[in-house]
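Structure data (CSV, C-alpha atoms) from run.csv:
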chain,number,residue,atom,x,y,z
Y,11,MET,CA,251.2,-10.2,53.2
Y,12,ASN,CA,252.7,-10.2,49.7
Y,13,ARG,CA,253.3,-13.6,48.0
Y,14,ARG,CA,256.3,-13.6,45.6
Y,15,ILE,CA,257.8,-16.2,43.3
Y,16,LEU,CA,261.6,-16.2,43.3
Y,17,LEU,CA,264.2,-17.9,41.1
Y,18,ALA,CA,265.5,-20.5,43.6
Y,19,GLU,CA,268.1,-22.1,41.3
Y,20,ARG,CA,269.4,-21.9,37.8
Y,21,PRO,CA,268.0,-24.8,35.8
Y,22,LYS,CA,270.2,-27.3,33.9
Y,23,GLY,CA,268.1,-28.3,31.0
Y,24,MET,CA,264.3,-28.2,31.5
Y,25,PRO,CA,263.2,-26.1,34.5
Y,26,ASN,CA,261.1,-27.8,37.1
Y,27,GLN,CA,259.3,-26.9,40.3
Y,28,HIS,CA,262.6,-26.7,42.2
Y,29,THR,CA,263.6,-23.8,39.9
Y,30,PHE,CA,261.0,-21.6,41.8
Y,31,ARG,CA,260.3,-20.7,45.4
Y,32,LEU,CA,257.2,-19.1,46.8
Y,33,GLU,CA,257.7,-16.8,49.8
Y,34,GLU,CA,255.7,-14.2,51.7
Y,35,MET,CA,256.8,-10.8,53.0
Y,36,ALA,CA,255.2,-7.5,54.0
Y,37,VAL,CA,253.8,-5.3,51.3
Y,38,PRO,CA,256.4,-2.5,50.7
Y,39,GLU,CA,255.6,1.1,51.7
Y,40,LEU,CA,255.3,3.8,49.2
Y,41,LYS,CA,257.6,6.8,48.6
Y,42,ASP,CA,256.7,10.0,46.8
Y,43,GLY,CA,256.3,9.4,43.1
Y,44,GLU,CA,255.5,5.7,43.6
Y,45,VAL,CA,252.4,3.6,43.0
Y,46,LEU,CA,251.2,0.4,44.8
Y,47,ILE,CA,249.8,-2.1,42.2
Y,48,ARG,CA,247.8,-5.2,42.8
Y,49,THR,CA,248.6,-7.8,40.1
Y,50,VAL,CA,245.7,-8.9,38.0
Y,51,TYR,CA,247.3,-10.7,35.1
Y,52,LEU,CA,250.9,-11.8,34.6
Y,53,SER,CA,252.5,-12.9,31.4
Y,54,VAL,CA,254.7,-16.0,31.0
Y,55,ASP,CA,256.9,-16.0,27.9
Y,56,PRO,CA,259.5,-18.3,26.5
Y,57,TYR,CA,262.3,-15.7,26.5
Y,58,MET,CA,262.2,-15.8,30.3
Y,59,ARG,CA,264.0,-19.2,30.1
Y,60,GLY,CA,267.1,-17.5,28.8
Y,61,ARG,CA,267.1,-15.1,31.7
Y,62,MET,CA,267.3,-18.0,34.1
Y,63,ASN,CA,270.8,-18.7,32.8
Y,64,ASP,CA,273.8,-16.8,34.1
Y,65,GLY,CA,275.1,-15.8,30.7
Y,66,LYS,CA,275.4,-12.7,28.5
Y,67,SER,CA,272.3,-11.9,26.4
Y,68,TYR,CA,270.3,-8.9,25.2
Y,69,ILE,CA,268.8,-8.7,28.6
Y,70,PRO,CA,270.4,-9.3,32.1
Y,71,PRO,CA,269.8,-12.6,33.8
Y,72,PHE,CA,267.4,-13.0,36.7
Y,73,PRO,CA,269.2,-12.7,40.0
Y,74,LEU,CA,269.1,-15.8,42.2
Y,75,SER,CA,266.7,-15.6,45.2
Y,76,GLU,CA,265.1,-12.5,43.7
Y,77,VAL,CA,261.5,-12.1,42.5
Y,78,LEU,CA,261.0,-13.0,38.8
Y,79,THR,CA,259.8,-10.2,36.6
Y,80,GLY,CA,257.7,-10.0,33.4
Y,81,GLY,CA,254.8,-8.3,31.8
Y,82,ILE,CA,252.1,-7.4,34.3
Y,83,VAL,CA,248.6,-5.9,34.1
Y,84,GLY,CA,247.6,-4.6,37.5
Y,85,GLN,CA,245.3,-2.1,39.2
Y,86,VAL,CA,246.5,0.8,41.3
Y,87,VAL,CA,245.7,0.4,45.0
Y,88,THR,CA,247.4,3.5,46.3
Y,89,SER,CA,249.2,6.3,44.4
Y,90,ARG,CA,251.7,8.9,45.5
Y,91,ALA,CA,252.3,9.9,41.9
Y,92,ASP,CA,250.2,12.7,40.2
Y,93,ARG,CA,249.8,10.6,37.0
Y,94,PHE,CA,247.8,7.8,38.6
Y,95,GLN,CA,245.0,7.3,41.0
Y,96,SER,CA,243.4,4.4,42.8
Y,97,GLY,CA,241.5,2.1,40.4
Y,98,ASP,CA,243.6,2.9,37.4
Y,99,VAL,CA,244.6,-0.2,35.2
Y,100,VAL,CA,248.3,-0.2,34.3
Y,101,LEU,CA,250.9,-2.2,32.4
Y,102,GLY,CA,254.5,-2.6,33.4
Y,103,MET,CA,257.5,-5.0,33.7
Y,104,LEU,CA,256.9,-6.0,37.3
Y,105,GLY,CA,257.4,-8.9,39.7
Y,106,TRP,CA,255.6,-12.2,39.9
Y,107,GLN,CA,253.9,-11.2,43.1
Y,108,ASP,CA,250.6,-10.1,44.5
Y,109,TYR,CA,251.6,-6.5,45.0
Y,110,SER,CA,254.3,-4.3,43.3
Y,111,VAL,CA,255.6,-0.9,44.0
Y,112,ALA,CA,256.7,1.0,40.8
Y,113,ARG,CA,257.7,4.5,39.8
Y,114,ALA,CA,255.1,6.3,37.6
Y,115,ASP,CA,257.5,6.4,34.7
Y,116,GLU,CA,257.7,2.6,34.7
Y,117,LEU,CA,253.9,2.2,34.0
Y,118,THR,CA,251.6,2.7,31.1
Y,119,LEU,CA,247.9,3.5,31.7
Y,120,ILE,CA,245.4,1.1,30.0
Y,121,ASN,CA,241.9,2.0,29.0
Y,122,PRO,CA,239.8,-1.1,29.9
Y,123,GLU,CA,236.9,0.3,27.8
Y,124,LEU,CA,238.9,-0.1,24.5
Y,125,ALA,CA,239.8,-3.8,24.9
Y,126,PRO,CA,240.0,-6.5,27.6
Y,127,PRO,CA,243.1,-5.5,29.7
Y,128,SER,CA,244.6,-8.9,29.3
Y,129,THR,CA,245.2,-8.2,25.6
Y,130,ALA,CA,247.9,-5.7,26.6
Y,131,LEU,CA,250.0,-8.8,27.3
Y,132,GLY,CA,249.1,-10.6,24.1
Y,133,VAL,CA,247.6,-9.6,20.8
Y,134,LEU,CA,247.8,-5.8,21.7
Y,135,GLY,CA,251.1,-6.2,23.6
Y,136,MET,CA,254.6,-7.6,23.2
Y,137,PRO,CA,253.6,-10.8,21.3
Y,138,GLY,CA,251.4,-8.9,18.8
Y,139,LEU,CA,254.1,-6.2,18.2
Y,140,THR,CA,256.7,-9.0,17.8
Y,141,ALA,CA,254.5,-10.6,15.1
Y,142,TYR,CA,253.7,-7.3,13.4
Y,143,PHE,CA,257.2,-5.9,13.1
Y,144,GLY,CA,259.0,-9.2,12.5
Y,145,LEU,CA,256.7,-10.0,9.6
Y,146,MET,CA,256.1,-6.6,8.1
Y,147,ASP,CA,259.5,-5.1,8.5
Y,148,ILE,CA,261.8,-8.1,8.0
Y,149,GLY,CA,259.5,-10.5,6.1
Y,150,SER,CA,258.1,-7.8,3.8
Y,151,PRO,CA,255.2,-10.0,2.7
Y,152,LYS,CA,253.8,-9.7,-0.9
Y,153,THR,CA,250.5,-10.9,-2.3
Y,154,GLY,CA,250.7,-14.5,-3.4
Y,155,GLU,CA,253.8,-15.4,-1.5
Y,156,THR,CA,254.1,-18.6,0.7
Y,157,VAL,CA,254.7,-17.8,4.4
Y,158,VAL,CA,255.6,-20.6,6.8
Y,159,VAL,CA,255.3,-20.0,10.6
Y,160,SER,CA,256.7,-22.4,13.2
Y,161,GLY,CA,255.2,-22.3,16.7
Y,162,ALA,CA,252.1,-21.3,14.8
Y,163,ALA,CA,249.6,-21.8,17.6
Y,164,GLY,CA,251.5,-19.6,20.1
Y,165,ALA,CA,250.9,-16.0,21.0
Y,166,VAL,CA,253.3,-14.7,18.3
Y,167,GLY,CA,252.9,-17.4,15.6
Y,168,SER,CA,249.1,-17.2,15.6
Y,169,VAL,CA,249.2,-13.4,15.0
Y,170,VAL,CA,251.9,-13.8,12.3
Y,171,GLY,CA,249.8,-16.2,10.3
Y,172,GLN,CA,246.7,-13.9,10.4
Y,173,ILE,CA,248.7,-10.8,9.4
Y,174,ALA,CA,250.2,-12.8,6.5
Y,175,LYS,CA,246.6,-13.7,5.4
Y,176,ILE,CA,245.6,-10.1,5.6
Y,177,GLN,CA,248.5,-9.3,3.3
Y,178,GLY,CA,247.3,-11.8,0.7
Y,179,CYS,CA,249.8,-14.6,1.4
Y,180,ARG,CA,249.4,-18.3,1.4
Y,181,VAL,CA,250.0,-19.4,5.0
Y,182,VAL,CA,251.4,-22.7,6.3
Y,183,GLY,CA,251.6,-23.2,10.0
Y,184,ILE,CA,253.7,-25.8,12.0
Y,185,ALA,CA,252.3,-26.8,15.3
Y,186,GLY,CA,252.4,-29.8,17.7
Y,187,SER,CA,248.9,-31.3,18.1
Y,188,GLU,CA,245.8,-32.1,16.2
Y,189,GLU,CA,243.8,-29.6,18.3
Y,190,LYS,CA,246.2,-26.8,17.5
Y,191,CYS,CA,246.1,-27.7,13.8
Y,192,ARG,CA,242.3,-27.6,13.8
Y,193,TYR,CA,242.4,-24.2,15.6
Y,194,LEU,CA,244.7,-22.7,13.0
Y,195,THR,CA,242.8,-23.9,10.0
Y,196,GLU,CA,239.2,-23.8,11.2
Y,197,GLU,CA,239.3,-20.6,13.3
Y,198,LEU,CA,242.2,-18.5,12.1
Y,199,GLY,CA,242.1,-19.4,8.4
Y,200,PHE,CA,245.5,-20.9,7.8
Y,201,ASP,CA,245.7,-22.5,4.4
Y,202,ALA,CA,247.5,-25.6,5.7
Y,203,VAL,CA,249.0,-26.7,9.1
Y,204,ILE,CA,251.6,-29.4,9.6
Y,205,ASP,CA,251.8,-31.4,12.9
Y,206,TYR,CA,255.5,-31.8,13.4
Y,207,LYS,CA,254.8,-34.8,15.8
Y,208,ALA,CA,253.4,-36.8,12.9
Y,209,GLU,CA,255.8,-39.3,11.3
Y,210,THR,CA,255.3,-38.0,7.8
Y,211,TRP,CA,255.5,-34.3,8.7
Y,212,LYS,CA,258.5,-33.5,6.5
Y,213,GLU,CA,256.8,-34.9,3.4
Y,214,GLU,CA,253.6,-33.1,4.3
Y,215,LEU,CA,255.5,-29.8,4.5
Y,216,LYS,CA,256.9,-30.3,1.0
Y,217,GLN,CA,253.4,-31.1,-0.3
Y,218,ALA,CA,252.0,-28.0,1.4
Y,219,CYS,CA,254.6,-25.7,-0.2
Y,220,PRO,CA,254.7,-26.9,-3.8
Y,221,ASP,CA,256.1,-23.5,-5.0
Y,222,GLY,CA,258.7,-23.3,-2.2
Y,223,ILE,CA,258.8,-20.9,0.8
Y,224,ASP,CA,259.2,-17.1,0.5
Y,225,ILE,CA,259.0,-16.1,4.1
Y,226,TYR,CA,259.8,-18.3,7.2
Y,227,PHE,CA,258.9,-16.8,10.5
Y,228,ASP,CA,261.1,-18.9,12.9
Y,229,ASN,CA,259.9,-19.3,16.4
Y,230,VAL,CA,261.4,-22.7,17.2
Y,231,GLY,CA,264.7,-23.5,15.5
Y,232,GLY,CA,266.0,-27.1,15.6
Y,233,GLU,CA,264.9,-29.8,13.2
Y,234,VAL,CA,261.8,-28.0,12.2
Y,235,SER,CA,263.8,-25.0,10.9
Y,236,ASP,CA,266.2,-27.3,9.2
Y,237,ALA,CA,263.4,-28.8,7.2
Y,238,VAL,CA,261.8,-25.4,6.3
Y,239,ILE,CA,265.1,-23.9,5.1
Y,240,SER,CA,265.7,-26.8,2.8
Y,241,LEU,CA,262.6,-25.6,0.9
Y,242,ILE,CA,263.4,-21.9,0.9
Y,243,ASN,CA,263.1,-19.9,-2.4
Y,244,PRO,CA,265.6,-17.4,-3.8
Y,245,PHE,CA,265.4,-14.0,-2.2
Y,246,ALA,CA,263.4,-15.4,0.7
Y,247,ARG,CA,263.3,-13.6,4.1
Y,248,ILE,CA,263.6,-15.3,7.5
Y,249,PRO,CA,262.6,-13.2,10.6
Y,250,LEU,CA,264.4,-15.0,13.4
Y,251,CYS,CA,262.2,-14.5,16.5
Y,252,GLY,CA,262.8,-17.5,18.8
Y,253,GLN,CA,264.5,-20.9,19.2
Y,254,ILE,CA,262.3,-22.6,21.8
Y,255,ALA,CA,263.4,-26.1,20.7
Y,256,LEU,CA,266.9,-25.2,21.9
Y,257,TYR,CA,266.3,-23.3,25.1
Y,258,ASN,CA,266.5,-26.3,27.5
Y,259,LEU,CA,269.4,-28.1,25.8
Y,260,GLU,CA,272.4,-28.6,28.1
Y,261,LYS,CA,274.8,-28.8,25.2
Y,262,SER,CA,275.0,-26.8,22.0
Y,263,ASP,CA,272.9,-28.3,19.2
Y,264,ILE,CA,274.6,-29.4,16.0
Y,265,GLY,CA,272.6,-29.5,12.9
Y,266,PRO,CA,272.8,-28.9,9.2
Y,267,ARG,CA,274.9,-25.8,8.2
Y,268,VAL,CA,272.4,-23.3,6.8
Y,269,GLN,CA,274.9,-20.9,5.3
Y,270,PRO,CA,275.1,-22.7,1.8
Y,271,ALA,CA,271.3,-22.5,1.4
Y,272,LEU,CA,271.2,-18.8,2.5
Y,273,LEU,CA,274.1,-18.0,0.1
Y,274,VAL,CA,272.9,-19.8,-3.0
Y,275,ASN,CA,269.4,-18.5,-2.6
Y,276,ARG,CA,270.5,-15.0,-1.5
Y,277,VAL,CA,268.3,-15.3,1.6
Y,278,LEU,CA,267.9,-12.6,4.3
Y,279,MET,CA,267.9,-14.1,7.8
Y,280,LYS,CA,267.7,-11.5,10.5
Y,281,GLY,CA,267.3,-11.9,14.2
Y,282,PHE,CA,265.4,-9.2,16.1
Y,283,ILE,CA,264.1,-8.2,19.5
Y,284,VAL,CA,260.8,-6.4,19.7
Y,285,SER,CA,262.4,-3.6,21.7
Y,286,ASP,CA,264.3,-2.7,18.6
Y,287,TYR,CA,261.1,-1.1,17.4
Y,288,SER,CA,260.2,0.7,20.6
Y,289,ASP,CA,259.9,4.1,18.8
Y,290,ARG,CA,257.3,2.6,16.5
Y,291,PHE,CA,255.1,0.8,19.1
Y,292,GLN,CA,252.2,3.2,18.7
Y,293,GLU,CA,252.2,2.5,15.0
Y,294,GLY,CA,252.0,-1.2,15.6
Y,295,LEU,CA,249.4,-1.0,18.3
Y,296,ALA,CA,247.2,1.2,16.2
Y,297,GLN,CA,247.2,-1.2,13.3
Y,298,LEU,CA,246.8,-4.3,15.5
Y,299,GLY,CA,243.9,-2.6,17.3
Y,300,GLN,CA,242.2,-1.8,14.0
Y,301,TRP,CA,242.5,-5.3,12.8
Y,302,VAL,CA,241.1,-6.7,16.1
Y,303,SER,CA,238.2,-4.3,16.0
Y,304,GLN,CA,237.4,-5.2,12.4
Y,305,GLY,CA,237.4,-8.9,13.2
Y,306,LYS,CA,240.4,-9.6,10.9
Y,307,LEU,CA,242.7,-10.6,13.8
Y,308,ARG,CA,241.5,-13.1,16.3
Y,309,TYR,CA,243.2,-14.3,19.5
Y,310,ARG,CA,242.9,-16.9,22.2
Y,311,GLU,CA,244.2,-16.7,25.8
Y,312,ASN,CA,245.2,-19.8,27.9
Y,313,MET,CA,244.4,-18.6,31.4
Y,314,VAL,CA,245.8,-20.3,34.6
Y,315,GLU,CA,244.3,-19.2,37.9
Y,316,GLY,CA,246.4,-18.3,40.9
Y,317,LEU,CA,249.9,-16.8,41.5
Y,318,GLU,CA,251.1,-20.1,43.0
Y,319,ASN,CA,250.4,-21.8,39.7
Y,320,ALA,CA,252.6,-19.4,37.6
Y,321,PRO,CA,255.6,-21.8,37.6
Y,322,ASP,CA,253.5,-24.6,36.2
Y,323,ALA,CA,252.0,-22.2,33.6
Y,324,PHE,CA,255.6,-21.3,32.5
Y,325,LEU,CA,256.6,-25.0,32.3
Y,326,GLY,CA,253.6,-25.6,30.2
Y,327,LEU,CA,255.0,-23.5,27.5
Y,328,PHE,CA,257.8,-26.0,27.0
Y,329,ARG,CA,255.3,-28.9,27.2
Y,330,GLY,CA,253.3,-27.3,24.3
Y,331,GLU,CA,250.2,-27.0,26.4
Y,332,ASN,CA,249.1,-23.5,25.4
Y,333,ILE,CA,247.1,-22.3,22.4
Y,334,GLY,CA,247.5,-18.6,22.0
Y,335,LYS,CA,248.8,-16.4,24.8
Y,336,GLN,CA,249.7,-18.0,28.2
Y,337,LEU,CA,248.5,-15.9,31.1
Y,338,VAL,CA,248.1,-16.2,34.8
Y,339,LYS,CA,245.1,-14.5,36.5
Y,340,VAL,CA,246.2,-13.5,40.0
Y,341,SER,CA,243.2,-11.3,41.0
Y,342,SER,CA,240.1,-9.7,39.6
Y,343,LEU,CA,239.7,-6.1,38.5
Y,344,GLN,CA,237.7,-4.0,40.9
Y,345,GLN,CA,235.1,-1.7,39.6
Y,346,ASN,CA,235.5,2.0,40.6

Mind converting the file's structure to structure tokens?
Amino acid sequence: MNRRILLAERPKGMPNQHTFRLEEMAVPELKDGEVLIRTVYLSVDPYMRGRMNDGKSYIPPFPLSEVLTGGIVGQVVTSRADRFQSGDVVLGMLGWQDYSVARADELTLINPELAPPSTALGVLGMPGLTAYFGLMDIGSPKTGETVVVSGAAGAVGSVVGQIAKIQGCRVVGIAGSEEKCRYLTEELGFDAVIDYKAETWKEELKQACPDGIDIYFDNVGGEVSDAVISLINPFARIPLCGQIALYNLEKSDIGPRVQPALLVNRVLMKGFIVSDYSDRFQEGLAQLGQWVSQGKLRYRENMVEGLENAPDAFLGLFRGENIGKQLVKVSSLQQN
């Protein structure tokens, strides 16, 4: 039997366990050109919250009562496609389920000898590429500049900060716990980290950025971004990656109008989606892989065991529980 996690209802505000439903059904049969994959790791990502709404966006919403989909690393069980054979490790956008059937052209072969396969969902996958292109292409970091990263302990933010350090920048992270702040400074080498849950965090941010802010990599939006933008320098750049502080609001958020600050300081703020750079993915992966192999780019994975716990792992993103990439381990890789 194949366990699957479906979208049971569209959440209003913060999702909960009623948003999801676990069901069992028979493993589907293969057709020519298809591959049966056993899920090993599945990725949970903040953008998936937007797909739970029935609204227009850059990607279609999840259908109700259908299996949720996301980044999956799996292992081929049976193949009726020439490109793959049993035992191959593959990456694809597949279902939150024990087994998936996919066409060969929907899958990418992973070499587990080069790096742990789970990294294809993290530092050497979508989050790493998001950090790389957002910072390097939009942020255009220069030696000596001050870079501020919100959501700095997450899968994207932690990579952004390290790349900025590689580029010779001074890096200030914003995170939500003492543990996260210690991780960023002691293990990843951030120059300063602000705990936005502290009462004095706004004053601490000013003190950490005495020369203003040249690049703000925005993962969260809301009050945090309002405070950062108030310290922005002329000709600053703002890669707009995520707005996790707003995803579960039932009404539109009203805050300071940022346009005057952008205008007076001639600031570039640009939203982007990592798929915008799909024709350059190999460039990004090659550079990220080199930095990882050189020890210049470190990563952490927050691993939850069991498909049935995927909903709670997803909800944990909005409770701020993860440091680094949030993953669910569904099964173990089998040795050929």

- In file coordinates, which residues lie within 7 Å of (268.2, -18.3, 1.2) using all atoms listed in the file, given as a PyMOL selection string? chain Y and resi 242-246+271-278

Next, write the just-selected residues to a file, as a compact mmCIF listing (two decimals), in the coordinates of the input, keeping C-alpha atoms as the atom set.
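This went into result07.txt:
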# COMPACT_ATOMS: atom_id res chain seq x y z
CA ILE Y 242 263.40 -21.90 0.90
CA ASN Y 243 263.10 -19.90 -2.40
CA PRO Y 244 265.60 -17.40 -3.80
CA PHE Y 245 265.40 -14.00 -2.20
CA ALA Y 246 263.40 -15.40 0.70
CA ALA Y 271 271.30 -22.50 1.40
CA LEU Y 272 271.20 -18.80 2.50
CA LEU Y 273 274.10 -18.00 0.10
CA VAL Y 274 272.90 -19.80 -3.00
CA ASN Y 275 269.40 -18.50 -2.60
CA ARG Y 276 270.50 -15.00 -1.50
CA VAL Y 277 268.30 -15.30 1.60
CA LEU Y 278 267.90 -12.60 4.30

- Item | Nearest residue to Leu343 in chain Y from the set Y:Glu293, Y:Asp322, Y:Asp98, Y:Glu44 (distances using all atoms listed in the file) |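 Answer, going by the shortest atom-to-atom distance: Y:Asp98.
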
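Take CA of Gly281 in chain Y and CA of Ile148 in chain Y: the distance between them is 9.1 Å.
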
- Please measure the separation of CA of Ile47 in chain Y and CA of Leu317 in chain Y, giving the value in Å to one decimal. 14.7 Å

- Nearest-residue call for Ile204 in chain Y, choices Y:Gln304, Y:Asn121, Y:Ser187, Y:Asn26, using all atoms listed in the file: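 Of Y:Gln304, Y:Asn121, Y:Ser187, Y:Asn26, the one nearest Ile204 in chain Y, counting all atoms listed in the file, is Y:Ser187.
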
- Which distance in Å separates CA of Glu213 in chain Y and CA of Thr156 in chain Y, to one decimal?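 Straight-line distance from CA of Glu213 in chain Y to CA of Thr156 in chain Y works out to 16.7 Å.
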
- Message: Need the shell around range 110-120 of chain Y: protein/DNA/RNA residues with any atom at most 6 Å away, counting all atoms listed in the file. Skip same-chain ones fewer than 5 positions apart. Format as a PyMOL selection string?
- Response: chain Y and resi 44-47+99-102

- Query: So which residues fall inside 12 Å of (262.4, -25.5, 37.6) if we count only C-alpha atoms? Mind giving them as a VMD selection string?
  - Reply: chain Y and resid 15 to 31 59 62 to 63 258 320 to 326 328

- Please provide as a ChimeraX atom specification all residues within 12 Å of Lys335 in chain Y, with the sequence filter that same-chain residues fewer than 5 positions apart are discarded (counting only C-alpha atoms). /Y:51-56,128-138,161-169,308-314,323-324,326-327,330

- Could you name the residues that touch Gln95 in chain Y at 9 Å or less, counting only C-alpha atoms, but leaving out those on the same chain fewer than 6 positions away, as an MDAnalysis selection string? chainID Y and resid 45 86:89

- Task: Find the spatial neighbours of Gly232 in chain Y, counting only C-alpha atoms, within a cut-off of 7 Å - ignore same-chain residues fewer than 2 positions away - and output them as a count of residues only.
- Result: 6

- Note on the structure: Using only C-alpha atoms, the residue out of Y:Ser67, Y:Gly80, Y:Tyr142, Y:Arg90 with shortest distance to Gly43 in chain Y is Y:Arg90

- Of the listed residues Y:Val77, Y:Leu40, Y:Ile239, Y:Val83, that which approaches Tyr226 in chain Y most closely, counting only C-alpha atoms: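 Going through Y:Val77, Y:Leu40, Y:Ile239, Y:Val83 one by one, the smallest distance to Tyr226 in chain Y is for Y:Ile239.
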
- Task: Using only C-alpha atoms, determine which residues lie at most 9 Å from Leu194 in chain Y, disregarding the query and same-chain residues fewer than 4 positions distant; provide the list as an NGL selection string.
- Result: :Y and (162-163 or 168 or 171 or 183 or 185 or 189-190 or 198-203)

- Task: Determine the nearest neighbour of Tyr257 in chain Y from the options Y:Lys175, Y:Lys212, Y:Arg180, Y:Arg61, counting all atoms listed in the file.
- Result: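 Smallest separation from Tyr257 in chain Y among the options: Y:Arg61.
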